[in-house]
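Please read the structure below before turning to the comments.
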Protein chains: 2
Amino acid sequence: MRTHSEITIHHLATELKISASTVSRALNDNKRISENTRRIVQQKALEMGYRPNVLAANLRSRRTRTIGVVVPRIDRHFFSSAISGIEDYAWTKGFNVIISQSNDLLVKEINCVQTLYNNRVDGLIISISMQTDQDKHLRLFSDNHIPILFFDRFCPTIESDRIVVDDFNSGYKITRHLMERGCRRIAHIAGPELLNIYKARKAGYIKALESEGIAVDDRYIEVSGLTNEEGKQAFARLMSLPNPPDGVFCGNDTTALVALEYCQEHNLKVPEEVALIGFSDEPFSAVITPSLSTVRQPGFEMGFLAAQKIIHRIQNSKSVIPFEEIVLPTQLIIRASSK
Amino acid sequence: MRTHSEITIHHLATELKISASTVSRALNDNKRISENTRRIVQQKALEMGYRPNVLAANLRSRRTRTIGVVVPRIDRHFFSSAISGIEDYAWTKGFNVIISQSNDLLVKEINCVQTLYNNRVDGLIISISMQTDQDKHLRLFSDNHIPILFFDRFCPTIESDRIVVDDFNSGYKITRHLMERGCRRIAHIAGPELLNIYKARKAGYIKALESEGIAVDDRYIEVSGLTNEEGKQAFARLMSLPNPPDGVFCGNDTTALVALEYCQEHNLKVPEEVALIGFSDEPFSAVITPSLSTVRQPGFEMGFLAAQKIIHRIQNSKSVIPFEEIVLPTQLIIRASSK
DNA sequence: GTGAAAGCGCTAACAA
DNA sequence: TTGTTAGCGCTTTCAC
């Protein structure tokens with residue numbers, strides 16, 4: 001329950017015997033106001049403990065200086081880093097950030113997006129859920145000309161800015177590396193094909209095999225939800241093949257971790273008997289034993305850049321800026337698990 | 001730039017030849033409205049693609065159904081878990097969450113808090129920065145009777161709800177465990193005394209020593225900012241003492257990790273020559289070698305509970321609910337680094 | 001159960 | 001440079 005004694009611009013106005021609009025202008029550093037009034041007003045505002053009501057200003061001006069963010073899970077390192085980057089940049093531009101998580105559920109994602117729309121955010125930064133196979137909820141934004149920017153996981157049917165990493169090339173590099181270190185039977189535990197990132201990584205894997213004239217063997221490709229359980233099962237299936245792989249490109253670091261556990265339980269030497277590579281460079285990857293080869297995605301930078309691009313678009317909404325896909329390079333980090 | 005064709009309750013009203021107030025009531029499931037009109041209105045709203053303008057509703061009703069959150073850093077696992085918990089619960093109650101990070105800087109924290117106030121959030125959940133040694137910015141909330149809830153790191157001079165873990169007892173348990181496994185010279189790398197959590201952990205450490213009649217030796221207590229650099233330096237100082245410790249209680253897991261690195265570089269056997277224990281149970285702690293003993297703090301649960309308590313308080317603002325300090329138990333996890 | 005009227009606190013034409 | 005006026009879209013008395 002807020003007290004009724006909130007100071008408004010009208011209080012300042014009567015107190016200073018000027019009009020409310022002048023107060024408003026002075027407070028917003030409007031150009032057509034005398035330096036003197038500005039000073040007086042701002043001084044008085046401080047003195048009376050005036051707090052602007054952003055709600056009212058937003059309602060009137062039809063801008064909220066707020067960007068909405070939807071990620072699958074806040075507590076995943078890649079996403080929290082990205083959010084950190086978004087927050088940091090938005091901050092410097094006086095923008096607020098509303099964050100919500102879809103928990104990788106389409107229904108929740110739809111709900112998040114609609115809530116953000118209802119809150120009249122000026123733009124939407126989103127990394128879609130694993131289940132997202134429709135775009136109606138996103139059209140709510142694009143149809144109303146509110147900027148959307150996808151990062152990492154995007155929806156291919158919506159025209160918009162995107163910031164992604166070079167997943168294809170990453171998959172390619174990983175596989176080439178495994179081949180170069182002598183692996184002959186390289187398997188891949190892929191994520192759901194619905195997502196561009198997993199499709200691209202897998203395509204890179206296949207391209208690399210083909211570049212060496214190696215036939216793609218479907219038994220060496222497992223598609224899974226990349227949860228701990230599914231990952232472990234997938235890896236177990238691979239290692240139970242008549243000719244088990246001697247190198248496995250895992251869809252992410254956690255899958256590589258459970259693979260590592262499997263190897264320890266079954267006395268398989270890593271990387272001697274089977275080399276492992278993950279994806280994302282989770283904080284644990286560098287410090288486990290054996291340390292995990294992986295691909296670093298610049299989470300913070302992606303978020304920072306995302307905020308930069310969308311805010312630029314918001315602030316230049318009159319001009320027609322062509323949509324852009326920014327592909328950031330990744331870094332293959334070779335550690336003990338594939339040395 | 002939003003199109004001007006936004007559907008409002010007035011459009012629905014004229015379309016249905018009823019008043020806007022009736023539309024409003026029907027949409028908000030107000031009790032004194034006929035089941036029939038409610039159905040008709042909601043049907044029409046769907047049909048016309050009506051989207052409530054939350055801004056306008058909030059301005060008028062003086063409630064935003066939004067809670068503000070300030071944490072030191074979003075990308076720290078403990079905090080992102082807590083945020084996840086807050087978000088999950090808030091979600092079920094139709095509350096929004098605005099998240100901001102102080103980067104452990106007082107100035108930024110002040111700015112965050114003020115921005116959240118200006119946005120008229122209904123409540124504030126905060127874990128204060130390492131620098132926070134004043135409470136003026138927080139009084140903005142408490143003075144205006146807007147609920148504040150601290151979690152983990154609190155400001156002792158503000159009366160409010162708090163959700164903390166039992167840091168004192170955790171420090172005690174850690175130290176007792178080290179003693180019981182035979183450590184004779186137990187050191188502690190503590191965090192800044194400004195924060196209740198570090199003070200309490202250190203107090204628990206001292207209490208445990210005293211319980212066995214062991215004199216507290218100040219040279220065995222390092223106070224640091226717990227960054228990687230400071231932590232490593234602190235650990236190096238400890239190990240350079242004439243009588244280096246054979247057990248170290250590190251202020252957090254990352255400090256324990258750099259300590260572990262130091263030991264590997266200097267060929268010190270862990271836990272044989274020096275046992276290590278961290279704090280927080282970061283994701284990497286279970287999977288490094290040797291695995292790290294630590295204390296688990298229930299981040300998600302704390303966040304969930306925080307959201308629960310503050311929303312309850314928001315929704316019962318007329319009734320006087322006494323402030324409460326909820327102390328959650330922690331779990332001592334003994335792993336290889338102290339076995 | 002429904003409607004009319006009055007704002008919430010602010011911004012932005014348009015005047016002066 | 002400043003003031004006047006008119007709302008932004010919604011909720012909420014107060015009537016009926």
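Residue numbers start at 1 in each chain; chains themselves are named A, B, ... in the order of the structure tokens; ligands are numbered from 1 in the order shown.
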* Which residues of chain B are close to chain D, meaning at most 12 Å apart when you count only C-alpha atoms (C1' of nucleotides), and how do they look as a PyMOL selection string? -> chain B and resi 4+6-11+20-25+27-28+30+51-63
Mind checking which residues fall within 9 Å of Arg335 (chain A), counting only C-alpha atoms (C1' of nucleotides), ignoring those fewer than 3 positions away in the same chain, and posting them as a short mmCIF file (atom, residue, chain, number, x, y, z; two decimals) with C-alpha atoms, in the first residue's frame?
```cif
data_model
loop_
_atom_site.label_atom_id
_atom_site.label_comp_id
_atom_site.auth_asym_id
_atom_site.auth_seq_id
_atom_site.Cartn_x
_atom_site.Cartn_y
_atom_site.Cartn_z
CA ILE A 277 34.08 -33.15 -27.17
CA ALA A 286 37.91 -26.59 -17.82
CA PRO A 290 40.09 -35.10 -17.83
CA SER A 291 39.35 -31.52 -18.84
CA LEU A 292 36.77 -31.36 -21.57
CA SER A 293 37.35 -30.22 -25.10
CA THR A 294 34.55 -27.98 -26.17
CA SER A 338 40.52 -35.20 -27.04
CA LYS A 339 44.23 -34.55 -26.92
#
```
Test item: chain C residues at most 9 Å from chain A, counting only C-alpha atoms (C1' of nucleotides), as a CSV table (one decimal) with C-alpha atoms (C1' of nucleotides), in the first residue's frame:
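Final file, part_17.csv:
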```csv
chain,number,residue,atom,x,y,z
C,8,DC,C1',-4.2,7.8,-12.3
C,9,DG,C1',0.5,11.1,-13.6
C,10,DC,C1',2.3,12.2,-17.4
C,11,DT,C1',3.5,14.1,-22.4
C,12,DA,C1',2.9,16.6,-26.6
```
* **Nearest candidate to chain B (options A:Gly182, A:Pro271, A:Pro156, A:Pro283; using only C-alpha atoms)** => A:Pro283
Please identify all polymer residues within 8 Å of Val223 (chain B), counting only C-alpha atoms (C1' of nucleotides), omitting same-chain residues fewer than 2 positions from it, and present them as a JSON list (two decimals) with N, CA, C and O atoms, in the first residue's frame.
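Output (selection_33.json):
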```json
[["chain", "number", "residue", "atom", "x", "y", "z"],
["B", 189, "ILE", "N", 39.58, -18.74, 4.77],
["B", 189, "ILE", "CA", 39.62, -17.58, 3.87],
["B", 189, "ILE", "C", 38.22, -16.99, 3.85],
["B", 189, "ILE", "O", 37.30, -17.56, 3.25],
["B", 190, "ALA", "N", 38.07, -15.87, 4.53],
["B", 190, "ALA", "CA", 36.74, -15.29, 4.70],
["B", 190, "ALA", "C", 36.48, -14.19, 3.69],
["B", 190, "ALA", "O", 37.40, -13.64, 3.09],
["B", 191, "GLY", "N", 35.22, -13.86, 3.51],
["B", 191, "GLY", "CA", 34.84, -12.74, 2.64],
["B", 191, "GLY", "C", 34.70, -11.48, 3.48],
["B", 191, "GLY", "O", 34.87, -11.51, 4.70],
["B", 192, "PRO", "N", 34.38, -10.37, 2.82],
["B", 192, "PRO", "CA", 34.27, -9.08, 3.49],
["B", 192, "PRO", "C", 33.33, -9.12, 4.70],
["B", 192, "PRO", "O", 32.21, -9.61, 4.61],
["B", 193, "GLU", "N", 33.78, -8.57, 5.79],
["B", 193, "GLU", "CA", 33.02, -8.59, 7.04],
["B", 193, "GLU", "C", 31.72, -7.80, 6.97],
["B", 193, "GLU", "O", 30.83, -7.95, 7.79],
["B", 221, "ILE", "N", 43.52, -16.72, 9.56],
["B", 221, "ILE", "CA", 42.30, -16.13, 9.01],
["B", 221, "ILE", "C", 42.66, -15.06, 7.99],
["B", 221, "ILE", "O", 43.29, -14.07, 8.32],
["B", 225, "GLY", "N", 38.43, -10.39, -0.88],
["B", 225, "GLY", "CA", 37.25, -10.14, -1.71],
["B", 225, "GLY", "C", 36.77, -11.40, -2.41],
["B", 225, "GLY", "O", 35.76, -11.39, -3.10],
["B", 234, "ALA", "N", 45.64, -15.14, -1.01],
["B", 234, "ALA", "CA", 45.36, -15.46, 0.39],
["B", 234, "ALA", "C", 45.81, -16.88, 0.70],
["B", 234, "ALA", "O", 46.46, -17.15, 1.72]]
```
Show me a table, sorted first by chain and then by increasing residue number, of the residues of chain A having an atom at most 9 Å from chain B, each with its shortest atom pair and the distance in Å to one decimal, counting only C-alpha atoms and written as CSV.
```
residue,atom,partner,partner_atom,distance
A:Met1,CA,B:Ser317,CA,6.0
A:Arg2,CA,B:Asn144,CA,5.8
A:Thr3,CA,B:Asn144,CA,6.2
A:Arg51,CA,B:Asn118,CA,6.2
A:Pro52,CA,B:Asn118,CA,6.0
A:Asn53,CA,B:Asn118,CA,5.7
A:Val54,CA,B:Asn119,CA,5.3
A:Leu55,CA,B:Leu59,CA,5.9
A:Ala56,CA,B:Leu59,CA,6.1
A:Asn58,CA,B:Leu55,CA,7.3
A:Leu59,CA,B:Leu55,CA,5.8
A:Arg62,CA,B:Arg2,CA,8.1
A:Arg63,CA,B:Met1,CA,8.8
A:Arg73,CA,B:Ser84,CA,7.5
A:Ile74,CA,B:Ser84,CA,6.0
A:Asp75,CA,B:Ser80,CA,4.7
A:Arg76,CA,B:Ser80,CA,8.0
A:His77,CA,B:Asp75,CA,6.5
A:Phe78,CA,B:Asp75,CA,8.6
A:Phe79,CA,B:Asp75,CA,8.2
A:Ser80,CA,B:Asp75,CA,4.7
A:Ser81,CA,B:Asp75,CA,5.3
A:Ala82,CA,B:Asp75,CA,8.5
A:Ile83,CA,B:Ile74,CA,7.4
A:Ser84,CA,B:Ile74,CA,6.0
A:Glu87,CA,B:Ser100,CA,7.0
A:Asp88,CA,B:Gln101,CA,8.3
A:Trp91,CA,B:Ser100,CA,9.0
A:Asn96,CA,B:Ile98,CA,7.9
A:Val97,CA,B:Ile98,CA,6.5
A:Ile98,CA,B:Ile98,CA,4.8
A:Ile99,CA,B:Ile98,CA,6.4
A:Ser100,CA,B:Glu87,CA,7.0
A:Gln101,CA,B:Glu87,CA,7.6
A:Gln114,CA,B:Arg51,CA,8.6
A:Thr115,CA,B:Asn96,CA,8.5
A:Tyr117,CA,B:Arg51,CA,8.2
A:Asn118,CA,B:Asn53,CA,5.7
A:Asn119,CA,B:Val54,CA,5.3
A:Arg120,CA,B:Asn53,CA,7.3
A:Asp122,CA,B:Met1,CA,8.6
A:Asn144,CA,B:Arg2,CA,5.8
A:His145,CA,B:Arg2,CA,6.1
A:Ile146,CA,B:Met1,CA,6.7
A:Leu257,CA,B:Val287,CA,8.5
A:Glu282,CA,B:Phe284,CA,8.9
A:Pro283,CA,B:Phe284,CA,6.7
A:Phe284,CA,B:Phe284,CA,4.3
A:Ser285,CA,B:Phe284,CA,7.9
A:Val287,CA,B:Ile288,CA,5.7
A:Ile288,CA,B:Ile288,CA,4.1
A:Thr289,CA,B:Thr289,CA,5.8
A:Pro290,CA,B:Thr289,CA,8.6
A:Ser291,CA,B:Ile288,CA,8.8
A:Ile314,CA,B:Met1,CA,8.0
A:Ser317,CA,B:Met1,CA,6.0
A:Lys318,CA,B:Met1,CA,7.5
```
* To do: Could you pull out the residues in region 77-309 of chain A that DSSP calls alpha helix (DSSP H) from the backbone, as a ChimeraX atom specification?
  => /A:77-92,106-118,136-143,167-180,196-211,228-239,253-265,299-309
* **Residue set, region 149-263 of chain B restricted to strand (DSSP E), as an MDAnalysis selection string** => chainID B and resid 149:151 161:165 186:190 221:223 247:250
Next, write the just-selected residues to a file, as a PDB file, in the first residue's frame, keeping C-alpha atoms as the atom set.
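This went into selection_4.pdb:
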```
ATOM      1  CA  LEU B 149      12.621  -9.037   1.203  1.00  0.00           C
ATOM      2  CA  PHE B 150      16.306  -9.791   1.542  1.00  0.00           C
ATOM      3  CA  PHE B 151      17.742 -13.116   0.641  1.00  0.00           C
ATOM      4  CA  ASP B 161      11.537 -10.249   5.846  1.00  0.00           C
ATOM      5  CA  ARG B 162      14.680 -12.207   5.210  1.00  0.00           C
ATOM      6  CA  ILE B 163      15.492 -15.560   3.809  1.00  0.00           C
ATOM      7  CA  VAL B 164      18.939 -16.747   4.654  1.00  0.00           C
ATOM      8  CA  VAL B 165      20.788 -19.954   5.150  1.00  0.00           C
ATOM      9  CA  ILE B 186      42.537 -25.079  10.307  1.00  0.00           C
ATOM     10  CA  ALA B 187      42.559 -21.865   8.341  1.00  0.00           C
ATOM     11  CA  HIS B 188      39.733 -19.807   6.920  1.00  0.00           C
ATOM     12  CA  ILE B 189      39.620 -17.576   3.868  1.00  0.00           C
ATOM     13  CA  ALA B 190      36.739 -15.288   4.704  1.00  0.00           C
ATOM     14  CA  ILE B 221      42.303 -16.127   9.014  1.00  0.00           C
ATOM     15  CA  GLU B 222      42.509 -14.331   5.697  1.00  0.00           C
ATOM     16  CA  VAL B 223      39.880 -11.782   4.791  1.00  0.00           C
ATOM     17  CA  GLY B 247      42.743 -27.817   6.471  1.00  0.00           C
ATOM     18  CA  VAL B 248      41.288 -24.726   4.829  1.00  0.00           C
ATOM     19  CA  PHE B 249      37.711 -23.568   4.893  1.00  0.00           C
ATOM     20  CA  CYS B 250      37.398 -21.385   1.806  1.00  0.00           C
TER      21      CYS B 250
END
```
* Asked: Any idea what's packed within 9 Å of Asn228 (chain B), counting only C-alpha atoms (C1' of nucleotides), ignoring anything in its chain fewer than 5 positions away? Could you give it as a ChimeraX atom specification?
  -> /B:233,254-255,257-258
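As for CA of Lys269 (chain B) and CA of Ser211 (chain B), they are spaced 28.1 Å apart.
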* Distance query Leu332 (chain A) at most 10 Å, only C-alpha atoms (C1' of nucleotides), self and fewer than 3 positions along chain excluded, as a list in words -> Ser170, Gly171, Lys173, Ile174, His177, Ile277, Phe279, Ser280, Asp281, Ser293, Thr294, Val295, Arg296, Gln297, Pro329 and Arg335 of chain A
